[in-house]
Amino acid sequence: MNLLNLTTLYPDEESCKAKWKEFRDEQQIVCIHCGCKEHYWKKDKENYECKQCGYRQSLKANTLMHGSQLPFRYWFVAIHLLLSAKKNLSAKELQRQLGHSTYNPIWSMLHKLRRAMSNPHTRHQLAKVVELNAAASTKNKK
Ligand SMILES: [Zn+2]
């Protein structure tokens, strides 16, 4: 998986969002209000609605993206860079790569990702999200 594969697989915000939703569906959504595991997907509002109590949560809620205003695509790129052995990736460098105007949200994202990925299980899960189709997309090339 290189940066070109990544941008081919996830050319825009929509494709990243769709992939993240797929991941969340696999993980199963649990209502933080009542613990119910059945939800409706509200496509127009892009959130899950609990079938039992009606509590809504966004795609980012209760994940490491919780409360983040940054696009999904930023997260995907950052995960990719961290997986690509860029252990010394600085927030400043990431900010430059993403072309984002402010430093703090990028620093915060990187910090959350580093902490999450120090857990091997989480690291593996995130790798699966971002790089799942890497093998397939290579195979498809003649
Ligand atoms: Zn509920």
# chains A, B, ... in the order shown; residues from 1 in each chain; ligands from 1

call {"tool": "residues_near_ligand", "arguments": {"ligand": "ligand 1", "cutoff": "9 Å", "atoms": "only C-alpha atoms and all ligand atoms", "output": "PyMOL selection string"}}
result
chain A and resi 30-39+49-56

call {"tool": "residues_around", "arguments": {"residues": "A:Trp107", "least_positions_apart": "2", "cutoff": "10 Å", "atoms": "only C-alpha atoms", "output": "PyMOL selection string"}}
result
chain A and resi 90-92+94-95+102-105+109-113

call {"tool": "closest_residue", "arguments": {"among": "A:Arg123, A:Arg115, A:His80, A:Arg73", "to": "A:Tyr10", "atoms": "only C-alpha atoms"}}
result
A:Arg73

call {"tool": "select_by_dssp", "arguments": {"residues": "stretch 1-107 of chain A", "states": "helix (DSSP H, G or I)", "output": "VMD selection string"}}
result
chain A and resid 3 to 9 13 to 27 72 to 83 91 to 98 104 to 107

call {"tool": "write_last_selection", "arguments": {"atoms": "N, CA and C atoms", "output": "compact mmCIF listing (two decimals), in the first residue's frame"}}
result
# COMPACT_ATOMS: atom_id res chain seq x y z
N LEU A 3 0.87 5.65 -1.15
CA LEU A 3 -0.04 6.80 -1.14
C LEU A 3 -0.93 6.82 -2.39
N LEU A 4 -0.40 6.36 -3.51
CA LEU A 4 -1.20 6.32 -4.74
C LEU A 4 -2.36 5.35 -4.61
N ASN A 5 -2.07 4.14 -4.05
CA ASN A 5 -3.14 3.17 -3.83
C ASN A 5 -4.22 3.78 -2.94
N LEU A 6 -3.75 4.45 -1.91
CA LEU A 6 -4.69 5.04 -0.95
C LEU A 6 -5.60 6.06 -1.63
N THR A 7 -5.02 6.90 -2.45
CA THR A 7 -5.84 7.93 -3.09
C THR A 7 -6.72 7.33 -4.19
N THR A 8 -6.32 6.16 -4.72
CA THR A 8 -7.17 5.48 -5.70
C THR A 8 -8.36 4.85 -5.00
N LEU A 9 -8.07 4.20 -3.87
CA LEU A 9 -9.14 3.55 -3.10
C LEU A 9 -10.10 4.56 -2.49
N GLU A 13 -13.94 12.37 0.17
CA GLU A 13 -14.52 12.26 1.51
C GLU A 13 -15.62 11.19 1.56
N GLU A 14 -16.41 11.13 0.50
CA GLU A 14 -17.53 10.17 0.46
C GLU A 14 -17.04 8.73 0.57
N SER A 15 -15.98 8.39 -0.15
CA SER A 15 -15.48 7.02 -0.14
C SER A 15 -14.91 6.65 1.24
N CYS A 16 -14.28 7.61 1.89
CA CYS A 16 -13.76 7.37 3.24
C CYS A 16 -14.91 7.17 4.23
N LYS A 17 -15.90 8.01 4.07
CA LYS A 17 -17.06 7.94 4.95
C LYS A 17 -17.78 6.60 4.80
N ALA A 18 -17.95 6.18 3.56
CA ALA A 18 -18.63 4.90 3.27
C ALA A 18 -17.86 3.75 3.91
N LYS A 19 -16.55 3.82 3.80
CA LYS A 19 -15.71 2.75 4.37
C LYS A 19 -15.80 2.75 5.90
N TRP A 20 -15.80 3.94 6.47
CA TRP A 20 -15.89 4.04 7.93
C TRP A 20 -17.23 3.52 8.43
N LYS A 21 -18.29 3.78 7.65
CA LYS A 21 -19.61 3.28 8.03
C LYS A 21 -19.64 1.75 7.97
N GLU A 22 -19.03 1.21 6.94
CA GLU A 22 -18.95 -0.25 6.80
C GLU A 22 -18.25 -0.85 8.04
N PHE A 23 -17.16 -0.20 8.43
CA PHE A 23 -16.42 -0.64 9.61
C PHE A 23 -17.27 -0.58 10.86
N ARG A 24 -17.98 0.53 11.04
CA ARG A 24 -18.83 0.68 12.23
C ARG A 24 -19.95 -0.35 12.26
N ASP A 25 -20.51 -0.63 11.09
CA ASP A 25 -21.57 -1.63 11.01
C ASP A 25 -21.04 -3.01 11.41
N GLU A 26 -19.83 -3.30 10.98
CA GLU A 26 -19.22 -4.58 11.34
C GLU A 26 -18.98 -4.68 12.85
N GLN A 27 -18.57 -3.55 13.42
CA GLN A 27 -18.28 -3.50 14.86
C GLN A 27 -19.55 -3.58 15.70
N PHE A 72 -12.98 12.77 7.28
CA PHE A 72 -12.56 11.38 7.38
C PHE A 72 -11.26 11.15 6.61
N ARG A 73 -11.16 11.85 5.52
CA ARG A 73 -10.02 11.65 4.65
C ARG A 73 -8.70 11.98 5.36
N TYR A 74 -8.71 13.00 6.20
CA TYR A 74 -7.52 13.33 6.99
C TYR A 74 -7.10 12.14 7.85
N TRP A 75 -8.11 11.55 8.47
CA TRP A 75 -7.83 10.42 9.37
C TRP A 75 -7.24 9.26 8.58
N PHE A 76 -7.80 9.01 7.41
CA PHE A 76 -7.31 7.91 6.59
C PHE A 76 -5.85 8.14 6.18
N VAL A 77 -5.56 9.36 5.75
CA VAL A 77 -4.19 9.68 5.34
C VAL A 77 -3.24 9.56 6.53
N ALA A 78 -3.67 10.07 7.67
CA ALA A 78 -2.82 10.01 8.87
C ALA A 78 -2.57 8.57 9.29
N ILE A 79 -3.61 7.74 9.25
CA ILE A 79 -3.44 6.32 9.60
C ILE A 79 -2.47 5.67 8.62
N HIS A 80 -2.66 5.97 7.37
CA HIS A 80 -1.76 5.41 6.36
C HIS A 80 -0.31 5.81 6.63
N LEU A 81 -0.09 7.08 6.89
CA LEU A 81 1.28 7.55 7.13
C LEU A 81 1.88 6.91 8.37
N LEU A 82 1.06 6.76 9.40
CA LEU A 82 1.57 6.14 10.64
C LEU A 82 1.88 4.66 10.42
N LEU A 83 1.09 4.00 9.57
CA LEU A 83 1.33 2.58 9.29
C LEU A 83 2.55 2.39 8.39
N ALA A 91 3.33 16.47 13.99
CA ALA A 91 2.05 17.12 13.70
C ALA A 91 2.26 18.23 12.67
N LYS A 92 3.40 18.88 12.76
CA LYS A 92 3.73 19.96 11.84
C LYS A 92 3.82 19.42 10.40
N GLU A 93 4.51 18.29 10.27
CA GLU A 93 4.66 17.66 8.95
C GLU A 93 3.31 17.19 8.41
N LEU A 94 2.52 16.58 9.29
CA LEU A 94 1.20 16.11 8.88
C LEU A 94 0.32 17.27 8.44
N GLN A 95 0.41 18.35 9.18
CA GLN A 95 -0.35 19.56 8.84
C GLN A 95 0.05 20.04 7.44
N ARG A 96 1.33 20.01 7.17
CA ARG A 96 1.84 20.43 5.87
C ARG A 96 1.32 19.50 4.76
N GLN A 97 1.40 18.19 5.02
CA GLN A 97 0.95 17.20 4.03
C GLN A 97 -0.53 17.35 3.71
N LEU A 98 -1.32 17.67 4.73
CA LEU A 98 -2.76 17.79 4.54
C LEU A 98 -3.16 19.17 4.03
N ASN A 104 -3.51 22.93 15.87
CA ASN A 104 -4.07 22.21 17.01
C ASN A 104 -4.93 20.99 16.68
N PRO A 105 -5.88 21.11 15.75
CA PRO A 105 -6.68 19.91 15.45
C PRO A 105 -5.85 18.77 14.86
N ILE A 106 -4.82 19.11 14.12
CA ILE A 106 -3.96 18.08 13.53
C ILE A 106 -3.14 17.40 14.62
N TRP A 107 -2.62 18.23 15.52
CA TRP A 107 -1.87 17.68 16.66
C TRP A 107 -2.75 16.73 17.46

call {"tool": "atom_distance", "arguments": {"atom1": "atom CA of A:Met1", "atom2": "atom CA of A:Glu131"}}
result
6.8 Å

call {"tool": "residues_around", "arguments": {"residues": "A:Gly67", "least_positions_apart": "2", "cutoff": "12 Å", "atoms": "only C-alpha atoms", "output": "PyMOL selection string"}}
result
chain A and resi 57-65+69-71+105+108-109+112

call {"tool": "write_last_selection", "arguments": {"atoms": "N, CA and C atoms", "output": "short mmCIF file (atom, residue, chain, number, x, y, z; two decimals), in the first residue's frame"}}
result
data_model
loop_
_atom_site.label_atom_id
_atom_site.label_comp_id
_atom_site.auth_asym_id
_atom_site.auth_seq_id
_atom_site.Cartn_x
_atom_site.Cartn_y
_atom_site.Cartn_z
N GLN A 57 -26.57 8.88 17.16
CA GLN A 57 -25.13 9.10 17.19
C GLN A 57 -24.56 9.18 15.78
N SER A 58 -23.54 10.00 15.67
CA SER A 58 -22.93 10.19 14.36
C SER A 58 -21.98 9.05 14.05
N LEU A 59 -21.47 9.04 12.83
CA LEU A 59 -20.51 8.03 12.42
C LEU A 59 -19.24 8.08 13.27
N LYS A 60 -18.90 9.27 13.71
CA LYS A 60 -17.66 9.43 14.47
C LYS A 60 -17.84 9.19 15.96
N ALA A 61 -19.08 9.22 16.42
CA ALA A 61 -19.34 9.11 17.86
C ALA A 61 -18.79 7.82 18.42
N ASN A 62 -18.26 7.91 19.62
CA ASN A 62 -17.75 6.75 20.35
C ASN A 62 -16.64 5.99 19.61
N THR A 63 -15.94 6.70 18.78
CA THR A 63 -14.74 6.15 18.16
C THR A 63 -13.61 7.13 18.47
N LEU A 64 -12.43 6.83 17.97
CA LEU A 64 -11.34 7.77 18.24
C LEU A 64 -11.55 9.10 17.52
N MET A 65 -12.50 9.13 16.58
CA MET A 65 -12.82 10.37 15.88
C MET A 65 -13.86 11.21 16.61
N GLN A 69 -13.86 17.56 14.06
CA GLN A 69 -14.46 18.26 12.93
C GLN A 69 -13.67 17.98 11.65
N LEU A 70 -12.60 17.28 11.77
CA LEU A 70 -11.75 17.04 10.60
C LEU A 70 -12.39 16.01 9.68
N PRO A 71 -12.14 16.12 8.38
CA PRO A 71 -12.71 15.16 7.44
C PRO A 71 -12.18 13.74 7.67
N PRO A 105 -5.88 21.11 15.75
CA PRO A 105 -6.68 19.91 15.45
C PRO A 105 -5.85 18.77 14.86
N SER A 108 -3.98 17.16 17.71
CA SER A 108 -4.92 16.37 18.49
C SER A 108 -5.24 15.04 17.80
N MET A 109 -5.45 15.09 16.49
CA MET A 109 -5.73 13.86 15.72
C MET A 109 -4.55 12.90 15.81
N LYS A 112 -4.28 11.30 19.22
CA LYS A 112 -5.29 10.26 19.44
C LYS A 112 -4.93 8.99 18.67
#

call {"tool": "select_by_dssp", "arguments": {"residues": "chain A", "states": "strand (DSSP E)", "output": "PyMOL selection string"}}
result
chain A and resi 39-42+47-50+56-58
